[in-house]
file structure.cif (mmCIF, C-alpha atoms)
data_my_file
#
loop_
_atom_site.group_PDB
_atom_site.id
_atom_site.type_symbol
_atom_site.label_atom_id
_atom_site.label_comp_id
_atom_site.auth_asym_id
_atom_site.auth_seq_id
_atom_site.Cartn_x
_atom_site.Cartn_y
_atom_site.Cartn_z
ATOM 1 C CA MET A 1 122.249 66.321 99.407
ATOM 2 C CA THR A 2 119.614 64.047 97.912
ATOM 3 C CA ASP A 3 121.067 60.854 99.372
ATOM 4 C CA HIS A 4 121.459 62.131 102.922
ATOM 5 C CA ASN A 5 120.188 58.775 104.207
ATOM 6 C CA HIS A 6 123.251 57.039 102.822
ATOM 7 C CA PRO A 7 126.476 57.000 104.908
ATOM 8 C CA GLU A 8 128.566 57.283 101.734
ATOM 9 C CA ALA A 9 127.205 60.791 101.152
ATOM 10 C CA TRP A 10 128.627 61.859 104.509
ATOM 11 C CA ASN A 11 131.894 59.986 103.978
ATOM 12 C CA GLN A 12 132.464 62.134 100.891
ATOM 13 C CA PHE A 13 132.400 65.237 103.107
ATOM 14 C CA LEU A 14 134.688 63.587 105.655
ATOM 15 C CA ALA A 15 137.186 62.853 102.870
ATOM 16 C CA ILE A 16 137.525 66.567 102.063
ATOM 17 C CA ALA A 17 139.171 67.499 105.363
ATOM 18 C CA PRO A 18 142.682 66.193 106.104
ATOM 19 C CA TYR A 19 142.054 66.421 109.859
ATOM 20 C CA THR A 20 139.026 64.106 109.821
ATOM 21 C CA GLY A 21 141.174 61.691 107.794
ATOM 22 C CA LEU A 22 143.937 61.931 110.397
ATOM 23 C CA LEU A 23 141.393 60.904 113.048
ATOM 24 C CA ARG A 24 139.976 58.210 110.700
ATOM 25 C CA MET A 25 136.400 59.423 111.185
ATOM 26 C CA GLU A 26 133.699 57.610 109.256
ATOM 27 C CA ALA A 27 129.942 57.831 108.835
ATOM 28 C CA ALA A 28 128.513 54.821 110.665
ATOM 29 C CA SER A 29 124.893 55.193 109.650
ATOM 30 C CA ALA A 30 122.415 57.693 108.299
ATOM 31 C CA SER A 31 118.644 57.819 108.466
ATOM 32 C CA ASP A 32 115.803 60.308 108.671
ATOM 33 C CA SER A 33 116.744 60.969 112.287
ATOM 34 C CA GLY A 34 120.294 62.068 111.404
ATOM 35 C CA CYS A 35 123.690 60.562 110.897
ATOM 36 C CA VAL A 36 126.051 58.823 113.317
ATOM 37 C CA ILE A 37 129.775 59.524 112.997
ATOM 38 C CA ALA A 38 132.321 57.032 114.306
ATOM 39 C CA LEU A 39 135.796 57.683 115.683
ATOM 40 C CA PRO A 40 137.855 54.464 115.714
ATOM 41 C CA TYR A 41 140.152 53.969 118.683
ATOM 42 C CA HIS A 42 143.783 54.579 117.855
ATOM 43 C CA ASP A 43 146.924 54.802 120.017
ATOM 44 C CA ASP A 44 147.669 58.284 118.565
ATOM 45 C CA LEU A 45 144.509 59.668 120.157
ATOM 46 C CA VAL A 46 145.295 58.641 123.733
ATOM 47 C CA GLY A 47 145.278 61.446 126.292
ATOM 48 C CA ASP A 48 146.229 59.405 129.353
ATOM 49 C CA PRO A 49 148.986 56.885 128.639
ATOM 50 C CA ASP A 50 148.408 55.172 132.019
ATOM 51 C CA SER A 51 144.810 54.203 131.228
ATOM 52 C CA GLY A 52 144.765 54.350 127.424
ATOM 53 C CA VAL A 53 141.718 56.642 127.546
ATOM 54 C CA LEU A 54 141.170 58.869 124.499
ATOM 55 C CA HIS A 55 142.040 62.552 124.773
ATOM 56 C CA GLY A 56 139.018 64.817 125.095
ATOM 57 C CA GLY A 57 140.328 66.756 122.117
ATOM 58 C CA ALA A 58 139.524 63.818 119.852
ATOM 59 C CA ILE A 59 135.912 63.925 121.071
ATOM 60 C CA THR A 60 135.839 67.705 120.465
ATOM 61 C CA ALA A 61 136.651 67.136 116.788
ATOM 62 C CA LEU A 62 134.101 64.324 116.555
ATOM 63 C CA MET A 63 131.344 66.515 118.013
ATOM 64 C CA ASP A 64 132.271 69.495 115.812
ATOM 65 C CA VAL A 65 131.993 67.325 112.694
ATOM 66 C CA CYS A 66 128.826 65.546 113.764
ATOM 67 C CA PHE A 67 127.211 68.861 114.770
ATOM 68 C CA GLY A 68 128.035 70.427 111.417
ATOM 69 C CA PHE A 69 126.487 67.478 109.599
ATOM 70 C CA SER A 70 123.354 67.708 111.719
ATOM 71 C CA VAL A 71 122.889 71.289 110.493
ATOM 72 C CA TYR A 72 123.173 70.161 106.867
ATOM 73 C CA PHE A 73 120.763 67.395 107.696
ATOM 74 C CA ARG A 74 118.231 70.014 108.676
ATOM 75 C CA THR A 75 118.922 72.573 105.927
ATOM 76 C CA ARG A 76 119.121 69.825 103.270
ATOM 77 C CA LYS A 77 121.667 71.913 101.387
ATOM 78 C CA PHE A 78 125.201 73.169 101.806
ATOM 79 C CA VAL A 79 125.307 76.537 103.487
ATOM 80 C CA PRO A 80 128.718 77.989 104.361
ATOM 81 C CA MET A 81 128.986 78.169 108.130
ATOM 82 C CA ALA A 82 131.436 78.259 111.011
ATOM 83 C CA THR A 83 131.336 76.904 114.552
ATOM 84 C CA LEU A 84 130.581 79.802 116.885
ATOM 85 C CA ASP A 85 130.826 77.901 120.135
ATOM 86 C CA LEU A 86 130.911 74.383 121.476
ATOM 87 C CA ARG A 87 130.599 73.007 125.004
ATOM 88 C CA ILE A 88 131.417 69.446 125.998
ATOM 89 C CA ASP A 89 130.635 67.886 129.385
ATOM 90 C CA TYR A 90 132.553 64.689 130.094
ATOM 91 C CA LEU A 91 130.307 62.264 131.972
ATOM 92 C CA ARG A 92 132.766 59.383 131.978
ATOM 93 C CA PRO A 93 135.980 58.293 130.211
ATOM 94 C CA ALA A 94 135.684 56.541 126.851
ATOM 95 C CA GLN A 95 136.522 52.845 127.140
ATOM 96 C CA PRO A 96 139.968 52.098 125.685
ATOM 97 C CA HIS A 97 139.996 50.188 122.383
ATOM 98 C CA ARG A 98 136.323 50.953 121.729
ATOM 99 C CA LYS A 99 135.005 52.946 118.790
ATOM 100 C CA VAL A 100 133.308 56.184 119.843
ATOM 101 C CA TYR A 101 130.099 57.301 118.123
ATOM 102 C CA ALA A 102 128.503 60.734 117.971
ATOM 103 C CA THR A 103 124.986 61.733 117.106
ATOM 104 C CA ALA A 104 123.421 65.194 117.103
ATOM 105 C CA ASN A 105 120.221 67.085 116.463
ATOM 106 C CA CYS A 106 119.963 70.593 115.056
ATOM 107 C CA TYR A 107 116.937 71.716 117.075
ATOM 108 C CA LYS A 108 116.659 75.331 115.960
ATOM 109 C CA LEU A 109 117.497 77.274 112.811
ATOM 110 C CA THR A 110 117.377 81.015 112.343
ATOM 111 C CA GLN A 111 118.539 83.092 109.380
ATOM 112 C CA ASP A 112 121.923 83.558 111.089
ATOM 113 C CA LEU A 113 122.391 80.642 113.471
ATOM 114 C CA ALA A 114 121.921 76.920 113.974
ATOM 115 C CA PHE A 115 121.553 75.455 117.478
ATOM 116 C CA VAL A 116 122.698 71.869 117.991
ATOM 117 C CA ARG A 117 122.880 69.364 120.810
ATOM 118 C CA GLY A 118 124.218 65.840 120.838
ATOM 119 C CA HIS A 119 126.256 63.237 122.627
ATOM 120 C CA ALA A 120 129.048 60.708 122.236
ATOM 121 C CA TYR A 121 128.919 57.083 123.362
ATOM 122 C CA ASP A 122 130.730 53.787 122.906
ATOM 123 C CA ASP A 123 128.681 50.784 124.044
ATOM 124 C CA ALA A 124 125.146 52.206 124.058
ATOM 125 C CA SER A 125 123.584 55.508 123.035
ATOM 126 C CA ASP A 126 121.835 55.811 126.422
ATOM 127 C CA ASN A 127 125.164 55.589 128.278
ATOM 128 C CA PRO A 128 126.912 58.760 127.008
ATOM 129 C CA ILE A 129 130.608 59.534 127.342
ATOM 130 C CA SER A 130 129.864 63.208 126.845
ATOM 131 C CA THR A 131 127.006 65.569 126.150
ATOM 132 C CA SER A 132 127.432 68.704 124.041
ATOM 133 C CA VAL A 133 125.741 71.848 122.827
ATOM 134 C CA GLY A 134 126.940 74.137 120.073
ATOM 135 C CA ILE A 135 125.982 77.074 117.882
ATOM 136 C CA PHE A 136 126.923 77.519 114.231
ATOM 137 C CA MET A 137 126.828 80.778 112.308
ATOM 138 C CA PHE A 138 126.019 81.020 108.604
ATOM 139 C CA THR A 139 128.913 82.907 107.065
ATOM 140 C CA ALA A 140 127.679 83.824 103.580
ATOM 141 C CA GLY A 141 124.915 86.241 104.551
ATOM 142 C CA LYS A 142 121.295 85.232 104.909
ATOM 143 C CA PRO A 143 120.872 81.642 103.729
ATOM 144 C CA ALA A 144 117.940 80.961 101.436
ATOM 145 C CA PHE A 145 117.171 77.534 102.752
ATOM 146 C CA THR A 146 113.713 76.087 103.095
ATOM 147 C CA GLU A 147 112.782 74.063 106.126
ATOM 148 C CA THR A 148 111.779 70.541 105.203
ATOM 149 C CA LYS A 149 111.842 68.825 108.546
ATOM 150 C CA LYS A 150 110.939 69.615 112.109
ATOM 151 C CA SER A 151 113.370 68.681 114.836
ATOM 152 C CA SER A 152 112.505 65.325 116.411
ATOM 153 C CA MET B 1 158.481 54.152 131.934
ATOM 154 C CA SER B 2 155.189 55.107 133.608
ATOM 155 C CA LEU B 3 153.770 58.597 133.148
ATOM 156 C CA ALA B 4 154.584 59.400 136.796
ATOM 157 C CA GLU B 5 158.234 58.468 136.215
ATOM 158 C CA THR B 6 158.337 60.449 132.966
ATOM 159 C CA LEU B 7 156.857 63.535 134.668
ATOM 160 C CA THR B 8 159.257 63.241 137.619
ATOM 161 C CA ASP B 9 162.170 62.996 135.213
ATOM 162 C CA ILE B 10 161.021 65.974 133.115
ATOM 163 C CA ARG B 11 160.576 68.119 136.249
ATOM 164 C CA ALA B 12 163.955 67.110 137.687
ATOM 165 C CA ARG B 13 165.725 68.157 134.499
ATOM 166 C CA ALA B 14 163.299 71.018 133.640
ATOM 167 C CA ASP B 15 163.166 69.383 130.216
ATOM 168 C CA TRP B 16 159.799 70.922 129.267
ATOM 169 C CA ALA B 17 160.366 70.318 125.563
ATOM 170 C CA ALA B 18 159.863 66.618 126.356
ATOM 171 C CA LEU B 19 156.470 67.225 128.009
ATOM 172 C CA PRO B 20 154.242 67.019 124.876
ATOM 173 C CA ARG B 21 155.936 63.769 123.899
ATOM 174 C CA ALA B 22 154.588 62.197 127.102
ATOM 175 C CA LEU B 23 151.000 62.404 125.770
ATOM 176 C CA PRO B 24 150.235 60.543 122.513
ATOM 177 C CA PHE B 25 147.539 63.057 121.429
ATOM 178 C CA ALA B 26 149.902 66.023 121.934
ATOM 179 C CA ARG B 27 152.546 64.127 119.974
ATOM 180 C CA MET B 28 150.102 63.497 117.130
ATOM 181 C CA LEU B 29 149.267 67.215 116.922
ATOM 182 C CA GLY B 30 153.014 67.963 116.939
ATOM 183 C CA LEU B 31 152.693 70.326 119.936
ATOM 184 C CA ARG B 32 155.730 72.168 121.318
ATOM 185 C CA VAL B 33 156.055 73.611 124.797
ATOM 186 C CA GLU B 34 158.253 76.639 125.432
ATOM 187 C CA VAL B 35 159.010 77.647 129.018
ATOM 188 C CA ARG B 36 160.973 80.819 129.726
ATOM 189 C CA GLY B 37 161.216 81.561 133.430
ATOM 190 C CA GLU B 38 157.627 81.671 134.661
ATOM 191 C CA SER B 39 156.158 81.942 131.171
ATOM 192 C CA PHE B 40 154.549 78.904 129.542
ATOM 193 C CA THR B 41 153.594 78.805 125.858
ATOM 194 C CA CYS B 42 152.262 75.893 123.856
ATOM 195 C CA VAL B 43 152.679 75.996 120.075
ATOM 196 C CA MET B 44 150.906 73.972 117.390
ATOM 197 C CA PRO B 45 153.212 74.223 114.345
ATOM 198 C CA PHE B 46 151.262 74.279 111.103
ATOM 199 C CA GLU B 47 150.930 70.991 109.266
ATOM 200 C CA GLN B 48 148.702 70.138 106.322
ATOM 201 C CA LYS B 49 147.040 67.355 108.331
ATOM 202 C CA LEU B 50 145.435 69.966 110.632
ATOM 203 C CA ILE B 51 143.368 71.494 107.817
ATOM 204 C CA GLY B 52 139.582 71.232 107.983
ATOM 205 C CA ASN B 53 138.603 73.358 104.996
ATOM 206 C CA PRO B 54 141.088 73.017 102.114
ATOM 207 C CA ALA B 55 139.214 75.620 100.024
ATOM 208 C CA LEU B 56 139.931 78.553 102.370
ATOM 209 C CA PRO B 57 142.271 76.994 103.648
ATOM 210 C CA ALA B 58 141.535 76.903 107.383
ATOM 211 C CA LEU B 59 142.552 74.777 110.345
ATOM 212 C CA HIS B 60 139.894 72.309 111.497
ATOM 213 C CA GLY B 61 137.882 73.658 114.437
ATOM 214 C CA GLY B 62 138.326 70.280 116.108
ATOM 215 C CA ALA B 63 142.095 70.574 115.769
ATOM 216 C CA ILE B 64 142.046 74.037 117.361
ATOM 217 C CA GLY B 65 139.768 72.842 120.192
ATOM 218 C CA GLY B 66 141.755 69.681 120.865
ATOM 219 C CA TYR B 67 144.982 71.657 120.837
ATOM 220 C CA MET B 68 143.651 74.172 123.367
ATOM 221 C CA GLU B 69 142.403 71.446 125.713
ATOM 222 C CA CYS B 70 145.787 69.758 125.418
ATOM 223 C CA ALA B 71 147.582 73.059 126.110
ATOM 224 C CA GLY B 72 145.559 73.413 129.317
ATOM 225 C CA ILE B 73 146.493 69.905 130.450
ATOM 226 C CA LEU B 74 150.175 70.444 129.603
ATOM 227 C CA HIS B 75 150.092 73.701 131.569
ATOM 228 C CA LEU B 76 148.739 71.877 134.640
ATOM 229 C CA LEU B 77 151.408 69.178 134.302
ATOM 230 C CA TRP B 78 153.991 71.985 134.187
ATOM 231 C CA SER B 79 152.616 74.145 137.014
ATOM 232 C CA SER B 80 151.489 71.438 139.463
ATOM 233 C CA GLU B 81 153.081 68.357 140.986
ATOM 234 C CA ALA B 82 150.380 66.084 139.504
ATOM 235 C CA LEU B 83 151.660 62.622 138.584
ATOM 236 C CA ALA B 84 148.566 61.718 136.548
ATOM 237 C CA VAL B 85 146.729 63.487 133.721
ATOM 238 C CA PRO B 86 143.962 65.688 135.191
ATOM 239 C CA LYS B 87 140.500 64.692 133.955
ATOM 240 C CA THR B 88 138.546 67.182 131.879
ATOM 241 C CA ILE B 89 135.156 67.878 133.490
ATOM 242 C CA ASP B 90 133.983 70.288 130.813
ATOM 243 C CA PHE B 91 135.445 72.264 127.950
ATOM 244 C CA THR B 92 133.817 75.289 126.305
ATOM 245 C CA ILE B 93 135.235 77.038 123.269
ATOM 246 C CA ASP B 94 134.280 80.200 121.388
ATOM 247 C CA TYR B 95 135.622 80.461 117.843
ATOM 248 C CA LEU B 96 136.446 84.056 116.903
ATOM 249 C CA LEU B 97 138.420 83.883 113.648
ATOM 250 C CA SER B 98 139.140 81.124 111.186
ATOM 251 C CA GLY B 99 142.502 79.465 111.786
ATOM 252 C CA ARG B 100 144.959 80.281 109.023
ATOM 253 C CA PRO B 101 147.442 77.707 107.725
ATOM 254 C CA GLN B 102 150.193 78.890 110.051
ATOM 255 C CA ASP B 103 151.579 78.220 113.547
ATOM 256 C CA THR B 104 149.132 78.684 116.427
ATOM 257 C CA TYR B 105 150.065 79.792 119.949
ATOM 258 C CA ALA B 106 148.164 79.188 123.178
ATOM 259 C CA ASN B 107 148.354 81.291 126.305
ATOM 260 C CA VAL B 108 146.981 79.521 129.360
ATOM 261 C CA TYR B 109 145.610 81.559 132.277
ATOM 262 C CA PRO B 110 145.023 79.565 135.479
ATOM 263 C CA ILE B 111 141.920 81.161 137.009
ATOM 264 C CA LYS B 112 141.849 78.799 139.981
ATOM 265 C CA LEU B 113 144.283 76.044 140.891
ATOM 266 C CA GLY B 114 142.523 73.868 143.464
ATOM 267 C CA LYS B 115 143.271 70.578 145.149
ATOM 268 C CA ARG B 116 140.227 68.970 143.535
ATOM 269 C CA VAL B 117 139.268 71.255 140.666
ATOM 270 C CA SER B 118 141.268 73.676 138.559
ATOM 271 C CA ASN B 119 139.785 76.227 136.190
ATOM 272 C CA LEU B 120 141.742 77.471 133.179
ATOM 273 C CA ARG B 121 141.192 80.036 130.463
ATOM 274 C CA ILE B 122 143.021 79.437 127.209
ATOM 275 C CA GLU B 123 143.509 81.873 124.344
ATOM 276 C CA ALA B 124 144.764 80.685 120.956
ATOM 277 C CA TRP B 125 146.280 83.228 118.569
ATOM 278 C CA GLN B 126 148.296 83.411 115.383
ATOM 279 C CA THR B 127 149.201 86.956 114.335
ATOM 280 C CA ALA B 128 149.063 88.678 117.733
ATOM 281 C CA PRO B 129 148.043 87.706 121.294
ATOM 282 C CA ALA B 130 145.480 90.540 121.270
ATOM 283 C CA LYS B 131 143.726 88.945 118.284
ATOM 284 C CA PRO B 132 142.779 85.477 119.539
ATOM 285 C CA ILE B 133 141.286 83.042 117.017
ATOM 286 C CA ALA B 134 139.564 81.131 119.834
ATOM 287 C CA VAL B 135 139.094 81.349 123.588
ATOM 288 C CA ALA B 136 138.235 78.416 125.831
ATOM 289 C CA VAL B 137 137.483 77.706 129.466
ATOM 290 C CA MET B 138 137.818 74.322 131.128
ATOM 291 C CA ASN B 139 137.322 72.692 134.519
ATOM 292 C CA MET B 140 139.746 69.937 135.400
ATOM 293 C CA LEU B 141 139.496 67.278 138.096
ATOM 294 C CA MET B 142 142.912 66.991 139.746
ATOM 295 C CA ARG B 143 144.137 63.536 140.718
#
call {"tool": "encode", "arguments": {"input": "structure.cif", "output": "C-alpha cells"}}
result
Amino acid sequence: MTDHNHPEAWNQFLAIAPYTGLLRMEAASASDSGCVIALPYHDDLVGDPDSGVLHGGAITALMDVCFGFSVYFRTRKFVPMATLDLRIDYLRPAQPHRKVYATANCYKLTQDLAFVRGHAYDDASDNPISTSVGIFMFTAGKPAFTETKKSS
Amino acid sequence: MSLAETLTDIRARADWAALPRALPFARMLGLRVEVRGESFTCVMPFEQKLIGNPALPALHGGAIGGYMECAGILHLLWSSEALAVPKTIDFTIDYLLSGRPQDTYANVYPIKLGKRVSNLRIEAWQTAPAKPIAVAVMNMLMR
C-alpha cells in the first residue's frame, strides 16, 4: 500500500471483485485525505424506471467499497475485515445520467473495529445524495497495524 | 408501458414473477419473486457476478444490501396499491455471516404500513431462515 495516493492502486482492488466490475466502479482520485470512488450511471442500476433515478442498492455497494478503502487508508496495510453494519440516509435522489462519487473517513480504529463515515454526491461534495456511517470488524484476530495518520 | 401500467397489469393477472422485471436494478441482480397465498419471498439466485471476495468466496456485501433493499421495495409493490416506486428514506443493515456462493432468500416483515411512511424489517438467509446472514431495517416514503 505504498502508492495509496495513486488511483491505480485502488483500481487494482476494485478489479478483484466481480460485483464492483458489474457496477463499473472506479477510483476517481486519491490523496492524503483519502480516495474518491466513482459509480458511473448505467441503465441497469435504475431503481425507478419513471424517473431514471439510481436504485439505492447501487449506492449501498458504493459506500461499502469506499468505506472499506478508507479503513485501509488509515491502517496503511491490508487487514482482513468484514462490514459489521452500514446505515445510509438518502437526502435526495441522484440525478439521472450523472456519475455518483463517494468519499469516506475512517475516524476511529480499535484493535477489533473501524468506525467510518462518509457521503455520496454527484455535482458537488457539499450537496450530498446520501450520508452514511458504518463499522467494520477485523476478522483475523488482533491486527498488528501501526497508526500513521490521525483522522482529519 | 409506464411503471403504473405495468404494476396494474401485474396485479390484475397476479403475475408476481414479472414484478422484478419491472425494475432494472432487480433485473440486473436476477431477483425472483415467489408468492404463495399470503407469503412473499424474494430470491437472489447465485451468480458469479455477485461475488465480492473471490478468495473465500463470498457474496459482495453491497450485493446483499442492495438485494435486501430491493426485496423491501418489491414487497411494498406487492402488498400495497402504490403505482410508483416508494422512496428509500434510510436503510440500515447488520451483516451477521459471510454470504456463501449460493442462492439467498429474503423474508420481509412489514412493521408499519403507513400512508406516508412504511417501515420494513428484512432478513436474508441461505441455509435456514433461523440463521440470517444479514438483517436490515428501512423507512420508505410512500407516493
call {"tool": "resolve_selection", "arguments": {"input": "structure.cif", "expression": "the PyMOL selection byres ((chain B) within 9 of (chain A))", "output": "ChimeraX atom specification"}}
result
/B:2-4,22-28,48-54,59-70,84-96,98
call {"tool": "atom_distance", "arguments": {"input": "structure.cif", "atom1": "CA of Ser118 in chain B", "atom2": "CA of Glu81 in chain B"}}
result
13.2 Å
call {"tool": "atom_distance", "arguments": {"input": "structure.cif", "atom1": "CA of Val43 in chain B", "atom2": "CA of Ala94 in chain A"}}
result
26.7 Å
call {"tool": "atom_distance", "arguments": {"input": "structure.cif", "atom1": "CA of Pro45 in chain B", "atom2": "CA of Trp78 in chain B"}}
result
20.0 Å
call {"tool": "residues_around", "arguments": {"input": "structure.cif", "residues": "Val35 in chain B", "least_positions_apart": "3", "cutoff": "12 Å", "atoms": "all atoms listed in the file", "output": "list in words"}}
result
Ala14, Asp15, Trp16, Ala17, Ala18, Leu19, Arg32, Glu38, Ser39, Phe40, Thr41, Cys42, Val43, Leu74, His75, Trp78, Ser79 and Asn107 of chain B
call {"tool": "write_last_selection", "arguments": {"input": "structure.cif", "atoms": "C-alpha atoms", "output": "short mmCIF file (atom, residue, chain, number, x, y, z; two decimals), in the coordinates of the input"}}
result
data_model
loop_
_atom_site.label_atom_id
_atom_site.label_comp_id
_atom_site.auth_asym_id
_atom_site.auth_seq_id
_atom_site.Cartn_x
_atom_site.Cartn_y
_atom_site.Cartn_z
CA ALA B 14 163.30 71.02 133.64
CA ASP B 15 163.17 69.38 130.22
CA TRP B 16 159.80 70.92 129.27
CA ALA B 17 160.37 70.32 125.56
CA ALA B 18 159.86 66.62 126.36
CA LEU B 19 156.47 67.22 128.01
CA ARG B 32 155.73 72.17 121.32
CA GLU B 38 157.63 81.67 134.66
CA SER B 39 156.16 81.94 131.17
CA PHE B 40 154.55 78.90 129.54
CA THR B 41 153.59 78.81 125.86
CA CYS B 42 152.26 75.89 123.86
CA VAL B 43 152.68 76.00 120.08
CA LEU B 74 150.18 70.44 129.60
CA HIS B 75 150.09 73.70 131.57
CA TRP B 78 153.99 71.98 134.19
CA SER B 79 152.62 74.14 137.01
CA ASN B 107 148.35 81.29 126.30
#
call {"tool": "resolve_selection", "arguments": {"input": "structure.cif", "expression": "the PyMOL selection byres ((chain B and resi 119-132) around 8)", "output": "PyMOL selection string"}}
result
chain B and resi 68+71-72+96-97+99-100+102-113+117-118+133-140
call {"tool": "write_last_selection", "arguments": {"input": "structure.cif", "atoms": "C-alpha atoms", "output": "mmCIF file, in the coordinates of the input"}}
result
data_model
loop_
_atom_site.group_PDB
_atom_site.id
_atom_site.type_symbol
_atom_site.label_atom_id
_atom_site.label_comp_id
_atom_site.auth_asym_id
_atom_site.auth_seq_id
_atom_site.Cartn_x
_atom_site.Cartn_y
_atom_site.Cartn_z
ATOM 1 C CA MET B 68 143.651 74.172 123.367
ATOM 2 C CA ALA B 71 147.582 73.059 126.110
ATOM 3 C CA GLY B 72 145.559 73.413 129.317
ATOM 4 C CA LEU B 96 136.446 84.056 116.903
ATOM 5 C CA LEU B 97 138.420 83.883 113.648
ATOM 6 C CA GLY B 99 142.502 79.465 111.786
ATOM 7 C CA ARG B 100 144.959 80.281 109.023
ATOM 8 C CA GLN B 102 150.193 78.890 110.051
ATOM 9 C CA ASP B 103 151.579 78.220 113.547
ATOM 10 C CA THR B 104 149.132 78.684 116.427
ATOM 11 C CA TYR B 105 150.065 79.792 119.949
ATOM 12 C CA ALA B 106 148.164 79.188 123.178
ATOM 13 C CA ASN B 107 148.354 81.291 126.305
ATOM 14 C CA VAL B 108 146.981 79.521 129.360
ATOM 15 C CA TYR B 109 145.610 81.559 132.277
ATOM 16 C CA PRO B 110 145.023 79.565 135.479
ATOM 17 C CA ILE B 111 141.920 81.161 137.009
ATOM 18 C CA LYS B 112 141.849 78.799 139.981
ATOM 19 C CA LEU B 113 144.283 76.044 140.891
ATOM 20 C CA VAL B 117 139.268 71.255 140.666
ATOM 21 C CA SER B 118 141.268 73.676 138.559
ATOM 22 C CA ILE B 133 141.286 83.042 117.017
ATOM 23 C CA ALA B 134 139.564 81.131 119.834
ATOM 24 C CA VAL B 135 139.094 81.349 123.588
ATOM 25 C CA ALA B 136 138.235 78.416 125.831
ATOM 26 C CA VAL B 137 137.483 77.706 129.466
ATOM 27 C CA MET B 138 137.818 74.322 131.128
ATOM 28 C CA ASN B 139 137.322 72.692 134.519
ATOM 29 C CA MET B 140 139.746 69.937 135.400
#
call {"tool": "residues_around", "arguments": {"input": "structure.cif", "residues": "Gly34 in chain A", "least_positions_apart": "6", "cutoff": "10 Å", "atoms": "all atoms listed in the file", "output": "list of chain:residue names"}}
result
A:His4, A:Asn5, A:Cys66, A:Phe69, A:Ser70, A:Val71, A:Tyr72, A:Phe73, A:Arg74, A:Thr103, A:Ala104, A:Asn105, A:Cys106, A:Ser152
call {"tool": "decode", "arguments": {"input": "structure.cif", "residues": "range 105-117 of chain B", "atoms": "N, CA, C and O atoms", "output": "short mmCIF file (atom, residue, chain, number, x, y, z; two decimals), in the first residue's frame"}}
result
data_model
loop_
_atom_site.label_atom_id
_atom_site.label_comp_id
_atom_site.auth_asym_id
_atom_site.auth_seq_id
_atom_site.Cartn_x
_atom_site.Cartn_y
_atom_site.Cartn_z
N TYR B 105 -32.18 -15.97 0.18
CA TYR B 105 -33.62 -15.72 0.32
C TYR B 105 -33.82 -14.52 1.24
O TYR B 105 -33.03 -14.30 2.16
N ALA B 106 -34.89 -13.76 0.98
CA ALA B 106 -35.21 -12.62 1.85
C ALA B 106 -36.64 -12.74 2.33
O ALA B 106 -37.55 -12.92 1.53
N ASN B 107 -36.79 -12.67 3.65
CA ASN B 107 -38.12 -12.56 4.24
C ASN B 107 -38.32 -11.11 4.64
O ASN B 107 -37.47 -10.53 5.30
N VAL B 108 -39.46 -10.55 4.23
CA VAL B 108 -39.74 -9.15 4.51
C VAL B 108 -40.86 -9.08 5.54
O VAL B 108 -41.92 -9.69 5.36
N TYR B 109 -40.62 -8.35 6.64
CA TYR B 109 -41.62 -8.19 7.69
C TYR B 109 -42.06 -6.72 7.73
O TYR B 109 -41.27 -5.87 8.15
N PRO B 110 -43.29 -6.43 7.28
CA PRO B 110 -43.76 -5.04 7.38
C PRO B 110 -44.06 -4.72 8.84
O PRO B 110 -44.93 -5.33 9.45
N ILE B 111 -43.30 -3.78 9.41
CA ILE B 111 -43.50 -3.41 10.81
C ILE B 111 -44.62 -2.37 10.89
O ILE B 111 -45.46 -2.42 11.78
N LYS B 112 -44.62 -1.43 9.94
CA LYS B 112 -45.70 -0.46 9.86
C LYS B 112 -45.92 -0.10 8.39
O LYS B 112 -44.97 0.24 7.68
N LEU B 113 -47.18 -0.22 7.96
CA LEU B 113 -47.51 0.21 6.60
C LEU B 113 -48.36 1.47 6.73
O LEU B 113 -49.54 1.39 7.10
N GLY B 114 -47.75 2.62 6.48
CA GLY B 114 -48.47 3.89 6.64
C GLY B 114 -48.80 4.52 5.31
O GLY B 114 -48.33 4.09 4.27
N LYS B 115 -49.63 5.56 5.38
CA LYS B 115 -49.96 6.30 4.15
C LYS B 115 -48.74 7.05 3.64
O LYS B 115 -48.51 7.15 2.44
N ARG B 116 -47.96 7.62 4.59
CA ARG B 116 -46.79 8.40 4.19
C ARG B 116 -45.51 7.59 4.30
O ARG B 116 -44.65 7.64 3.43
N VAL B 117 -45.36 6.90 5.44
CA VAL B 117 -44.11 6.19 5.69
C VAL B 117 -44.39 4.73 6.04
O VAL B 117 -45.31 4.44 6.81
#
